[in-house]
Each structure stands twice: as C-alpha cells, then as structure tokens.
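Here's my_file_25.pdb, which has PDB, C-alpha atoms and all ligand atoms:
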MODEL        1
ATOM      1  CA  MET L 783     -35.693 114.952  26.632  1.00  0.00           C
ATOM      2  CA  ARG L 784     -38.860 116.998  26.530  1.00  0.00           C
ATOM      3  CA  VAL L 785     -40.224 118.049  23.130  1.00  0.00           C
ATOM      4  CA  LEU L 786     -43.140 120.314  22.212  1.00  0.00           C
ATOM      5  CA  VAL L 787     -45.033 119.598  18.965  1.00  0.00           C
ATOM      6  CA  VAL L 788     -47.208 122.460  17.670  1.00  0.00           C
ATOM      7  CA  GLU L 789     -49.239 121.122  14.747  1.00  0.00           C
ATOM      8  CA  ASP L 790     -52.878 121.726  13.762  1.00  0.00           C
ATOM      9  CA  GLU L 791     -53.314 118.588  11.608  1.00  0.00           C
ATOM     10  CA  VAL L 792     -54.754 116.055  14.037  1.00  0.00           C
ATOM     11  CA  SER L 793     -53.390 112.927  12.374  1.00  0.00           C
ATOM     12  CA  LEU L 794     -49.859 114.293  12.032  1.00  0.00           C
ATOM     13  CA  ARG L 795     -49.914 115.630  15.608  1.00  0.00           C
ATOM     14  CA  GLU L 796     -51.082 112.307  17.012  1.00  0.00           C
ATOM     15  CA  SER L 797     -48.619 110.241  14.984  1.00  0.00           C
ATOM     16  CA  LEU L 798     -45.702 112.500  15.963  1.00  0.00           C
ATOM     17  CA  LYS L 799     -46.724 112.225  19.606  1.00  0.00           C
ATOM     18  CA  ALA L 800     -46.828 108.420  19.398  1.00  0.00           C
ATOM     19  CA  GLN L 801     -43.572 108.078  17.452  1.00  0.00           C
ATOM     20  CA  LEU L 802     -41.614 110.562  19.571  1.00  0.00           C
ATOM     21  CA  THR L 803     -42.859 108.884  22.757  1.00  0.00           C
ATOM     22  CA  GLU L 804     -41.737 105.553  21.316  1.00  0.00           C
ATOM     23  CA  ALA L 805     -38.332 107.137  20.576  1.00  0.00           C
ATOM     24  CA  GLY L 806     -37.947 108.034  24.264  1.00  0.00           C
ATOM     25  CA  PHE L 807     -39.102 111.662  24.378  1.00  0.00           C
ATOM     26  CA  THR L 808     -41.519 113.213  26.833  1.00  0.00           C
ATOM     27  CA  VAL L 809     -43.986 114.889  24.433  1.00  0.00           C
ATOM     28  CA  ASP L 810     -46.208 117.950  24.886  1.00  0.00           C
ATOM     29  CA  VAL L 811     -48.587 118.778  22.034  1.00  0.00           C
ATOM     30  CA  ALA L 812     -50.431 121.966  21.059  1.00  0.00           C
ATOM     31  CA  LYS L 813     -53.090 122.242  18.329  1.00  0.00           C
ATOM     32  CA  ASP L 814     -52.775 125.960  17.520  1.00  0.00           C
ATOM     33  CA  GLY L 815     -50.390 128.888  17.881  1.00  0.00           C
ATOM     34  CA  ALA L 816     -51.909 130.208  21.115  1.00  0.00           C
ATOM     35  CA  GLU L 817     -51.605 126.858  22.891  1.00  0.00           C
ATOM     36  CA  GLY L 818     -48.162 126.445  21.362  1.00  0.00           C
ATOM     37  CA  LEU L 819     -46.976 129.793  22.667  1.00  0.00           C
ATOM     38  CA  PHE L 820     -48.303 129.027  26.162  1.00  0.00           C
ATOM     39  CA  ALA L 821     -46.468 125.688  26.217  1.00  0.00           C
ATOM     40  CA  GLY L 822     -43.374 127.242  24.640  1.00  0.00           C
ATOM     41  CA  LEU L 823     -43.169 129.842  27.402  1.00  0.00           C
ATOM     42  CA  GLU L 824     -44.282 127.761  30.385  1.00  0.00           C
ATOM     43  CA  TYR L 825     -42.927 124.229  29.935  1.00  0.00           C
ATOM     44  CA  PRO L 826     -39.305 123.188  30.582  1.00  0.00           C
ATOM     45  CA  LEU L 827     -38.556 122.155  26.981  1.00  0.00           C
ATOM     46  CA  ASP L 828     -35.397 120.769  25.425  1.00  0.00           C
ATOM     47  CA  VAL L 829     -36.572 121.222  21.823  1.00  0.00           C
ATOM     48  CA  ALA L 830     -39.690 122.252  19.845  1.00  0.00           C
ATOM     49  CA  VAL L 831     -41.232 121.253  16.495  1.00  0.00           C
ATOM     50  CA  ILE L 832     -43.442 124.063  15.184  1.00  0.00           C
ATOM     51  CA  ASP L 833     -45.623 124.009  12.083  1.00  0.00           C
ATOM     52  CA  LEU L 834     -45.611 127.420  10.364  1.00  0.00           C
ATOM     53  CA  GLY L 835     -49.242 127.385   9.191  1.00  0.00           C
ATOM     54  CA  LEU L 836     -51.264 127.449  12.421  1.00  0.00           C
ATOM     55  CA  PRO L 837     -54.642 128.854  13.498  1.00  0.00           C
ATOM     56  CA  GLN L 838     -54.829 131.577  16.219  1.00  0.00           C
ATOM     57  CA  LEU L 839     -51.207 132.641  15.948  1.00  0.00           C
ATOM     58  CA  SER L 840     -48.788 131.736  13.153  1.00  0.00           C
ATOM     59  CA  GLY L 841     -45.768 129.546  13.775  1.00  0.00           C
ATOM     60  CA  LEU L 842     -43.545 132.550  12.975  1.00  0.00           C
ATOM     61  CA  GLU L 843     -45.233 134.587  15.725  1.00  0.00           C
ATOM     62  CA  VAL L 844     -44.861 131.732  18.200  1.00  0.00           C
ATOM     63  CA  ILE L 845     -41.123 131.553  17.449  1.00  0.00           C
ATOM     64  CA  ARG L 846     -40.623 135.337  17.587  1.00  0.00           C
ATOM     65  CA  LYS L 847     -42.427 135.597  20.921  1.00  0.00           C
ATOM     66  CA  ALA L 848     -40.595 132.622  22.436  1.00  0.00           C
ATOM     67  CA  ARG L 849     -37.223 134.046  21.363  1.00  0.00           C
ATOM     68  CA  ALA L 850     -38.213 137.529  22.599  1.00  0.00           C
ATOM     69  CA  ALA L 851     -38.897 135.869  25.983  1.00  0.00           C
ATOM     70  CA  ARG L 852     -35.309 134.516  25.880  1.00  0.00           C
ATOM     71  CA  LYS L 853     -36.263 130.897  25.309  1.00  0.00           C
ATOM     72  CA  THR L 854     -33.159 129.300  23.812  1.00  0.00           C
ATOM     73  CA  TYR L 855     -34.180 125.671  23.157  1.00  0.00           C
ATOM     74  CA  PRO L 856     -33.661 124.570  19.537  1.00  0.00           C
ATOM     75  CA  ILE L 857     -36.680 124.919  17.227  1.00  0.00           C
ATOM     76  CA  LEU L 858     -37.356 122.903  14.078  1.00  0.00           C
ATOM     77  CA  ILE L 859     -40.049 124.298  11.763  1.00  0.00           C
ATOM     78  CA  LEU L 860     -42.406 122.303   9.555  1.00  0.00           C
ATOM     79  CA  THR L 861     -43.535 123.883   6.339  1.00  0.00           C
ATOM     80  CA  ALA L 862     -46.236 122.536   4.055  1.00  0.00           C
ATOM     81  CA  ARG L 863     -45.074 124.418   1.008  1.00  0.00           C
ATOM     82  CA  GLU L 864     -41.935 124.234  -1.055  1.00  0.00           C
ATOM     83  CA  ASN L 865     -41.654 127.938  -0.450  1.00  0.00           C
ATOM     84  CA  TRP L 866     -38.112 129.078   0.264  1.00  0.00           C
ATOM     85  CA  GLN L 867     -39.361 132.360   1.729  1.00  0.00           C
ATOM     86  CA  ASP L 868     -41.127 130.494   4.561  1.00  0.00           C
ATOM     87  CA  LYS L 869     -37.926 128.730   5.484  1.00  0.00           C
ATOM     88  CA  VAL L 870     -35.884 131.934   5.399  1.00  0.00           C
ATOM     89  CA  GLU L 871     -38.469 133.788   7.488  1.00  0.00           C
ATOM     90  CA  GLY L 872     -38.610 130.917   9.954  1.00  0.00           C
ATOM     91  CA  LEU L 873     -34.846 130.847  10.373  1.00  0.00           C
ATOM     92  CA  GLN L 874     -34.728 134.637  10.683  1.00  0.00           C
ATOM     93  CA  ALA L 875     -37.442 134.479  13.372  1.00  0.00           C
ATOM     94  CA  GLY L 876     -35.171 132.204  15.413  1.00  0.00           C
ATOM     95  CA  ALA L 877     -35.740 128.645  14.201  1.00  0.00           C
ATOM     96  CA  ASP L 878     -32.665 126.405  13.951  1.00  0.00           C
ATOM     97  CA  ASP L 879     -33.681 123.966  11.226  1.00  0.00           C
ATOM     98  CA  TYR L 880     -36.609 123.154   8.938  1.00  0.00           C
ATOM     99  CA  LEU L 881     -38.305 120.199   7.315  1.00  0.00           C
ATOM    100  CA  ALA L 882     -40.771 120.360   4.388  1.00  0.00           C
ATOM    101  CA  LYS L 883     -43.897 118.193   4.527  1.00  0.00           C
ATOM    102  CA  PRO L 884     -44.319 115.402   3.781  1.00  0.00           C
ATOM    103  CA  PHE L 885     -41.296 113.962   5.577  1.00  0.00           C
ATOM    104  CA  HIS L 886     -40.138 110.634   6.957  1.00  0.00           C
ATOM    105  CA  PHE L 887     -40.264 110.381  10.740  1.00  0.00           C
ATOM    106  CA  GLU L 888     -36.675 109.055  10.766  1.00  0.00           C
ATOM    107  CA  GLU L 889     -35.471 112.312   9.238  1.00  0.00           C
ATOM    108  CA  LEU L 890     -37.333 114.405  11.812  1.00  0.00           C
ATOM    109  CA  LEU L 891     -35.884 112.268  14.605  1.00  0.00           C
ATOM    110  CA  ALA L 892     -32.324 112.520  13.237  1.00  0.00           C
ATOM    111  CA  ARG L 893     -32.630 116.313  12.969  1.00  0.00           C
ATOM    112  CA  LEU L 894     -34.015 116.645  16.506  1.00  0.00           C
ATOM    113  CA  GLN L 895     -31.197 114.496  17.873  1.00  0.00           C
ATOM    114  CA  ALA L 896     -28.634 116.612  16.002  1.00  0.00           C
ATOM    115  CA  LEU L 897     -30.167 119.841  17.373  1.00  0.00           C
ATOM    116  CA  LEU L 898     -30.073 118.452  20.923  1.00  0.00           C
ATOM    117  CA  ARG L 899     -26.448 117.337  20.564  1.00  0.00           C
ATOM    118  CA  ARG L 900     -25.366 120.700  19.206  1.00  0.00           C
ATOM    119  CA  ALA L 901     -27.263 122.507  21.983  1.00  0.00           C
ATOM    120  CA  GLY L 902     -25.198 120.426  24.430  1.00  0.00           C
ATOM    121  CA  GLY L 903     -21.971 121.255  22.583  1.00  0.00           C
ATOM    122  CA  TRP L 904     -21.475 117.801  21.014  1.00  0.00           C
ATOM    123  CA  ALA L 905     -20.544 117.356  17.356  1.00  0.00           C
ATOM    124  CA  SER L 906     -21.179 113.634  16.901  1.00  0.00           C
ATOM    125  CA  ALA L 907     -23.938 111.168  17.791  1.00  0.00           C
ATOM    126  CA  GLU L 908     -21.594 109.304  20.134  1.00  0.00           C
ATOM    127  CA  LEU L 909     -21.120 111.037  23.448  1.00  0.00           C
ATOM    128  CA  LYS L 910     -17.853 110.043  25.123  1.00  0.00           C
ATOM    129  CA  CYS L 911     -16.836 111.029  28.618  1.00  0.00           C
ATOM    130  CA  GLY L 912     -13.809 109.164  29.939  1.00  0.00           C
ATOM    131  CA  PRO L 913     -14.527 105.419  29.537  1.00  0.00           C
ATOM    132  CA  VAL L 914     -18.314 105.941  29.210  1.00  0.00           C
ATOM    133  CA  THR L 915     -19.782 106.024  25.686  1.00  0.00           C
ATOM    134  CA  LEU L 916     -23.445 106.753  24.931  1.00  0.00           C
ATOM    135  CA  ASP L 917     -24.691 106.327  21.356  1.00  0.00           C
ATOM    136  CA  THR L 918     -27.709 108.607  20.896  1.00  0.00           C
ATOM    137  CA  ARG L 919     -28.802 106.860  17.670  1.00  0.00           C
ATOM    138  CA  ALA L 920     -28.636 103.262  18.837  1.00  0.00           C
ATOM    139  CA  GLN L 921     -29.483 104.331  22.427  1.00  0.00           C
ATOM    140  CA  THR L 922     -26.751 102.106  23.788  1.00  0.00           C
ATOM    141  CA  VAL L 923     -24.232 102.645  26.574  1.00  0.00           C
ATOM    142  CA  SER L 924     -20.859 101.086  27.210  1.00  0.00           C
ATOM    143  CA  VAL L 925     -18.153 101.442  29.831  1.00  0.00           C
ATOM    144  CA  GLU L 926     -14.612 100.512  28.811  1.00  0.00           C
ATOM    145  CA  SER L 927     -16.176  99.026  25.625  1.00  0.00           C
ATOM    146  CA  ALA L 928     -18.413  96.629  27.620  1.00  0.00           C
ATOM    147  CA  ALA L 929     -22.149  97.086  26.976  1.00  0.00           C
ATOM    148  CA  VAL L 930     -24.258  98.204  29.942  1.00  0.00           C
ATOM    149  CA  GLU L 931     -27.959  97.281  29.969  1.00  0.00           C
ATOM    150  CA  LEU L 932     -30.125 100.179  31.123  1.00  0.00           C
ATOM    151  CA  THR L 933     -33.871 100.560  31.510  1.00  0.00           C
ATOM    152  CA  THR L 934     -35.591 103.266  29.451  1.00  0.00           C
ATOM    153  CA  PHE L 935     -35.658 105.713  32.352  1.00  0.00           C
ATOM    154  CA  GLU L 936     -32.073 105.036  33.368  1.00  0.00           C
ATOM    155  CA  TYR L 937     -31.013 105.657  29.761  1.00  0.00           C
ATOM    156  CA  ARG L 938     -32.994 108.896  29.572  1.00  0.00           C
ATOM    157  CA  ILE L 939     -31.444 110.224  32.779  1.00  0.00           C
ATOM    158  CA  LEU L 940     -27.941 109.339  31.593  1.00  0.00           C
ATOM    159  CA  GLU L 941     -28.519 110.867  28.147  1.00  0.00           C
ATOM    160  CA  HIS L 942     -29.720 114.096  29.731  1.00  0.00           C
ATOM    161  CA  LEU L 943     -26.747 114.261  32.118  1.00  0.00           C
ATOM    162  CA  MET L 944     -24.180 113.373  29.420  1.00  0.00           C
ATOM    163  CA  LEU L 945     -25.559 115.753  26.782  1.00  0.00           C
ATOM    164  CA  ARG L 946     -24.829 118.474  29.325  1.00  0.00           C
ATOM    165  CA  ALA L 947     -21.762 116.874  30.918  1.00  0.00           C
ATOM    166  CA  GLY L 948     -20.037 119.244  33.314  1.00  0.00           C
ATOM    167  CA  GLU L 949     -23.222 121.199  34.104  1.00  0.00           C
ATOM    168  CA  VAL L 950     -25.261 120.864  37.283  1.00  0.00           C
ATOM    169  CA  ILE L 951     -28.748 119.489  36.564  1.00  0.00           C
ATOM    170  CA  SER L 952     -31.301 119.849  39.349  1.00  0.00           C
ATOM    171  CA  LYS L 953     -33.579 117.009  40.419  1.00  0.00           C
ATOM    172  CA  ALA L 954     -36.562 119.186  39.512  1.00  0.00           C
ATOM    173  CA  GLU L 955     -35.219 119.651  35.991  1.00  0.00           C
ATOM    174  CA  LEU L 956     -34.639 115.923  35.538  1.00  0.00           C
ATOM    175  CA  THR L 957     -38.150 115.153  36.788  1.00  0.00           C
ATOM    176  CA  GLU L 958     -39.758 117.752  34.521  1.00  0.00           C
ATOM    177  CA  ARG L 959     -37.816 116.581  31.485  1.00  0.00           C
ATOM    178  CA  LEU L 960     -38.549 112.911  32.026  1.00  0.00           C
ATOM    179  CA  TYR L 961     -42.200 112.801  32.999  1.00  0.00           C
ATOM    180  CA  ASP L 962     -45.442 114.160  31.569  1.00  0.00           C
ATOM    181  CA  GLN L 963     -47.247 116.899  33.495  1.00  0.00           C
ATOM    182  CA  ASP L 964     -49.802 114.370  34.726  1.00  0.00           C
ATOM    183  CA  PHE L 965     -47.175 112.075  36.225  1.00  0.00           C
ATOM    184  CA  GLU L 966     -46.993 112.395  39.983  1.00  0.00           C
ATOM    185  CA  ARG L 967     -43.619 114.013  40.547  1.00  0.00           C
ATOM    186  CA  ASP L 968     -41.478 112.552  43.243  1.00  0.00           C
ATOM    187  CA  SER L 969     -37.795 113.394  43.454  1.00  0.00           C
ATOM    188  CA  ASN L 970     -37.176 110.182  45.455  1.00  0.00           C
ATOM    189  CA  VAL L 971     -37.798 108.271  42.235  1.00  0.00           C
ATOM    190  CA  ILE L 972     -34.964 110.198  40.565  1.00  0.00           C
ATOM    191  CA  GLU L 973     -32.670 109.435  43.514  1.00  0.00           C
ATOM    192  CA  VAL L 974     -33.397 105.715  43.235  1.00  0.00           C
ATOM    193  CA  LEU L 975     -32.831 105.722  39.465  1.00  0.00           C
ATOM    194  CA  VAL L 976     -29.564 107.668  39.753  1.00  0.00           C
ATOM    195  CA  GLY L 977     -28.411 105.212  42.437  1.00  0.00           C
ATOM    196  CA  ARG L 978     -29.135 102.269  40.132  1.00  0.00           C
ATOM    197  CA  LEU L 979     -27.430 104.029  37.239  1.00  0.00           C
ATOM    198  CA  ARG L 980     -24.305 104.559  39.346  1.00  0.00           C
ATOM    199  CA  ARG L 981     -24.175 100.888  40.331  1.00  0.00           C
ATOM    200  CA  LYS L 982     -24.556  99.762  36.705  1.00  0.00           C
ATOM    201  CA  LEU L 983     -21.950 102.178  35.282  1.00  0.00           C
ATOM    202  CA  ASP L 984     -19.505 101.862  38.121  1.00  0.00           C
ATOM    203  CA  PRO L 985     -20.065  98.625  40.091  1.00  0.00           C
ATOM    204  CA  HIS L 986     -16.702  98.877  41.869  1.00  0.00           C
ATOM    205  CA  ASP L 987     -17.076 102.565  42.730  1.00  0.00           C
ATOM    206  CA  ARG L 988     -13.899 103.564  40.884  1.00  0.00           C
ATOM    207  CA  LEU L 989     -15.064 105.989  38.189  1.00  0.00           C
ATOM    208  CA  LYS L 990     -17.612 108.075  40.123  1.00  0.00           C
ATOM    209  CA  PRO L 991     -19.246 109.355  36.923  1.00  0.00           C
ATOM    210  CA  ILE L 992     -22.212 111.104  38.570  1.00  0.00           C
ATOM    211  CA  GLU L 993     -21.578 113.592  41.349  1.00  0.00           C
ATOM    212  CA  THR L 994     -24.292 114.678  43.786  1.00  0.00           C
ATOM    213  CA  LEU L 995     -24.160 118.363  44.700  1.00  0.00           C
ATOM    214  CA  ARG L 996     -26.127 118.662  47.901  1.00  0.00           C
ATOM    215  CA  GLY L 997     -29.233 120.796  47.424  1.00  0.00           C
ATOM    216  CA  ARG L 998     -28.329 121.549  43.784  1.00  0.00           C
ATOM    217  CA  GLY L 999     -28.562 118.332  41.819  1.00  0.00           C
ATOM    218  CA  TYR L1000     -26.316 116.073  39.788  1.00  0.00           C
ATOM    219  CA  ARG L1001     -23.359 116.549  37.496  1.00  0.00           C
ATOM    220  CA  PHE L1002     -21.839 114.103  35.016  1.00  0.00           C
ATOM    221  CA  SER L1003     -18.246 114.739  35.968  1.00  0.00           C
ATOM    222  CA  LEU L1004     -16.081 112.587  33.678  1.00  0.00           C
ATOM    223  CA  ALA L1005     -14.278 114.764  31.127  1.00  0.00           C
ATOM    224  CA  ARG L1006     -15.706 114.954  27.611  1.00  0.00           C
ATOM    225  CA  GLU L1007     -13.579 113.269  24.971  1.00  0.00           C
ATOM    226  CA  PRO L1008     -13.261 115.142  21.675  1.00  0.00           C
ATOM    227  CA  SER L1009     -15.226 113.305  18.945  1.00  0.00           C
TER     228      SER L1009
HETATM  229 CA    CA S1101     -50.694 123.598   9.440  1.00  0.00          CA
ENDMDL
END

Once you've parsed the file, please lay out its structure as structure tokens.
Amino acid sequence: MRVLVVEDEVSLRESLKAQLTEAGFTVDVAKDGAEGLFAGLEYPLDVAVIDLGLPQLSGLEVIRKARAARKTYPILILTARENWQDKVEGLQAGADDYLAKPFHFEELLARLQALLRRAGGWASAELKCGPVTLDTRAQTVSVESAAVELTTFEYRILEHLMLRAGEVISKAELTERLYDQDFERDSNVIEVLVGRLRRKLDPHDRLKPIETLRGRGYRFSLAREPS
C-alpha cells in the first residue's frame, strides 16, 4: 500500500515515514502544501495523511484540489488544535477521517488500515476469500486454517490483491504501489513473486486463487466471504 504523508514538522514527518515503512507501507513524504499537492495528483496513492496547517498551500486546499481532480483515495487529516471547526472543514473538503495531535502511532495505523479496508469494500480487519484468510492487523495469512509463511513482499502483494478481490490489478499498479520511486521497476520481479505466492497458497494447484489476465494483470478470484 502506498501512502503520502504531508507534514511540515520535520521530526513528525521523519518518524511517520520510518514507522509506516516498518508497518509495510511504501511511503512518499511532502514538507509543504505545494509538494503535497504535486504528489497527491501525480503519484499512484492508496491513502494520504495530510496535516491541515502547512506552508505554501493549506491542507484544506490540497484536499479540495485533489478531490476536484477526481482523486478518490482516502484522506486522513492531522490537526494541531482541538478546534472542531478545522475537523468539520476538513471533512467537508473531502477528508475521510481526522486525528488530533499529539496522537499515538498505533491509532494512526489502525485508522489508515480501516480506511483502506473500507475503500476496498471490507468491513472487518480479517479478509476472507474462500479458504484464504488474511488478517490485516496481525499481517498473517492462512489457507484452510493452516498458517502460510510469506515474505514481506509476498504479503504486500497478497494484501493488495485481496483488499480489491474481484478487480483486475495491473502489474504496473502493483509495482508502483509496492516500490519507492527510486526502486528500479521491473515487472519480471512481480511475476516471480506472484508465482511464489501461488505455490505457497495453493501447492497442489487446486484453489487457483490468483488469475492472470493476459496483458491486463492479476485478479484475486476466490469469492469474498461476508465478515
Ligand atoms: Ca503543521
């Protein structure tokens, strides 16, 4: 999952980048509203964290302009003040949730995960498709109740595919969501990882959880179970 953090306080920006990276996100950061708007319009984001009080362009303006450009990823706003008007204005501008500073990182993470699940149409933290269960909080995967050990990248690919189970996800989208801009992009790497993922989830080739659609990408094709 690719997250943008727009925050002018250096220490908070750096610590969010480190903690979100540790939590498995690909993280883009911006130090002011102008940089934030550029990233918000140009990068293939899954979710954004935007501070309201920013130099150059306010957080509210960044959100309004991103929404006016039909960007639909969930946005969580950070507000320094206990000012209810800021929160209301932020939500009216198109934000989906808010958090007042100071906050615990665990709360930010839980809210981001909830926003991502809801954007994918899931109500609970456990994603179930047929016999495959992925727990987005514990970051664990099981098939027919037996735990499956995945590497970080395998997990991230599976999480992305399962959050949007039933949709076709292109190789380019997976690559952009999983690697930083400076990573050398190579879609062969994705093919190898998807191949490994298939063998781990379905060693006997019975379930066929991940379909390849030639020239279009991949689709997690096991039916979603209601949570
Ligand atoms: Ca600020």

Test item: residues at most 8 Å from segment 938-946 of chain L, all atoms listed in the file, excluding those fewer than 5 positions along its chain, as an mmCIF file with C-alpha atoms, in the coordinates of the input:
data_model
loop_
_atom_site.group_PDB
_atom_site.id
_atom_site.type_symbol
_atom_site.label_atom_id
_atom_site.label_comp_id
_atom_site.auth_asym_id
_atom_site.auth_seq_id
_atom_site.Cartn_x
_atom_site.Cartn_y
_atom_site.Cartn_z
ATOM 1 C CA MET L 783 -35.693 114.952 26.632
ATOM 2 C CA GLY L 806 -37.947 108.034 24.264
ATOM 3 C CA LEU L 898 -30.073 118.452 20.923
ATOM 4 C CA ARG L 899 -26.448 117.337 20.564
ATOM 5 C CA GLY L 902 -25.198 120.426 24.430
ATOM 6 C CA GLY L 903 -21.971 121.255 22.583
ATOM 7 C CA TRP L 904 -21.475 117.801 21.014
ATOM 8 C CA LEU L 909 -21.120 111.037 23.448
ATOM 9 C CA CYS L 911 -16.836 111.029 28.618
ATOM 10 C CA LEU L 916 -23.445 106.753 24.931
ATOM 11 C CA THR L 918 -27.709 108.607 20.896
ATOM 12 C CA ILE L 951 -28.748 119.489 36.564
ATOM 13 C CA LEU L 956 -34.639 115.923 35.538
ATOM 14 C CA LEU L 960 -38.549 112.911 32.026
ATOM 15 C CA VAL L 976 -29.564 107.668 39.753
ATOM 16 C CA LEU L 979 -27.430 104.029 37.239
ATOM 17 C CA TYR L 1000 -26.316 116.073 39.788
ATOM 18 C CA ARG L 1001 -23.359 116.549 37.496
ATOM 19 C CA PHE L 1002 -21.839 114.103 35.016
#

Fill in: Residue contacts of Ser797 of chain L (12 Å, all atoms listed in the file) excluding same-chain residues fewer than 5 positions away, as a list in words
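In the requested format, the answer is Val787, Glu789, Glu791, Val792, Leu802, Thr803, Glu804, Val809, Val811, His886 and Phe887 of chain L.
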
Discussion item. Selection in question (the file shown): the PyMOL selection byres (((not hetatm)) within 6 of (chain S and resi 1101)). Which residues does it include, as a ChimeraX atom specification?
Written reply: /L:790,833,835-836

Worksheet item: For the file shown, what are the residues hit by the PyMOL selection byres (((chain L and resi 862) around 9) and not hetatm), laid out as a PyMOL selection string?
Response: chain L and resi 833-835+860-861+863-865+881-884

Discussion item. So that I can see what lies close to Gln874 of chain L, please list as a count of residues only the residues with an atom at most 12 Å from it, counting only C-alpha atoms and leaving out residues fewer than 2 positions away in the same chain.
Written reply: 18

Segment 789-796 of chain L from the block above, all heavy atoms, as a CSV table (one decimal), in the first residue's frame, please?
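And here's decode-v4.csv as it stands now:
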chain,number,residue,atom,x,y,z
L,789,GLU,N,3.4,16.8,5.8
L,789,GLU,CA,3.6,17.3,7.2
L,789,GLU,C,4.8,18.2,7.2
L,789,GLU,O,5.9,17.8,6.7
L,789,GLU,CB,3.8,16.0,8.1
L,789,GLU,CG,4.2,16.4,9.5
L,789,GLU,CD,3.3,17.3,10.3
L,789,GLU,OE1,2.1,16.9,10.5
L,789,GLU,OE2,3.7,18.5,10.5
L,790,ASP,N,4.7,19.4,7.8
L,790,ASP,CA,5.8,20.3,7.7
L,790,ASP,C,6.7,20.2,8.9
L,790,ASP,O,7.9,20.6,8.9
L,790,ASP,CB,5.3,21.8,7.6
L,790,ASP,CG,4.4,22.2,8.7
L,790,ASP,OD1,3.5,21.3,9.1
L,790,ASP,OD2,4.4,23.3,9.2
L,791,GLU,N,6.3,19.5,10.0
L,791,GLU,CA,7.2,19.3,11.2
L,791,GLU,C,8.2,18.2,10.8
L,791,GLU,O,7.7,17.0,10.7
L,791,GLU,CB,6.4,18.9,12.4
L,791,GLU,CG,5.7,20.0,13.1
L,791,GLU,CD,4.8,19.5,14.2
L,791,GLU,OE1,5.3,18.6,15.0
L,791,GLU,OE2,3.7,19.9,14.3
L,792,VAL,N,9.4,18.5,10.8
L,792,VAL,CA,10.4,17.6,10.3
L,792,VAL,C,10.4,16.3,11.1
L,792,VAL,O,10.4,15.2,10.6
L,792,VAL,CB,11.9,18.2,10.3
L,792,VAL,CG1,12.9,17.1,9.8
L,792,VAL,CG2,11.9,19.4,9.6
L,793,SER,N,10.4,16.4,12.5
L,793,SER,CA,10.6,15.2,13.3
L,793,SER,C,9.4,14.3,13.2
L,793,SER,O,9.5,13.1,13.1
L,793,SER,CB,10.8,15.6,14.8
L,793,SER,OG,9.7,16.4,15.2
L,794,LEU,N,8.2,14.9,13.1
L,794,LEU,CA,7.0,14.1,12.9
L,794,LEU,C,7.0,13.4,11.6
L,794,LEU,O,6.7,12.2,11.4
L,794,LEU,CB,5.7,14.9,13.1
L,794,LEU,CG,4.4,14.2,13.0
L,794,LEU,CD1,4.3,13.0,14.0
L,794,LEU,CD2,3.2,15.1,13.2
L,795,ARG,N,7.3,14.2,10.5
L,795,ARG,CA,7.4,13.6,9.2
L,795,ARG,C,8.3,12.4,9.1
L,795,ARG,O,8.0,11.4,8.6
L,795,ARG,CB,7.8,14.7,8.2
L,795,ARG,CG,7.7,14.3,6.7
L,795,ARG,CD,7.9,15.5,5.8
L,795,ARG,NE,9.3,16.0,5.9
L,795,ARG,CZ,9.6,17.2,6.2
L,795,ARG,NH1,8.7,18.1,6.5
L,795,ARG,NH2,10.9,17.6,6.2
L,796,GLU,N,9.5,12.6,9.6
L,796,GLU,CA,10.5,11.6,9.6
L,796,GLU,C,10.1,10.3,10.4
L,796,GLU,O,10.3,9.2,10.0
L,796,GLU,CB,11.9,12.1,10.1
L,796,GLU,CG,12.5,13.1,9.1
L,796,GLU,CD,12.6,12.6,7.7
L,796,GLU,OE1,13.1,11.4,7.5
L,796,GLU,OE2,12.3,13.3,6.7
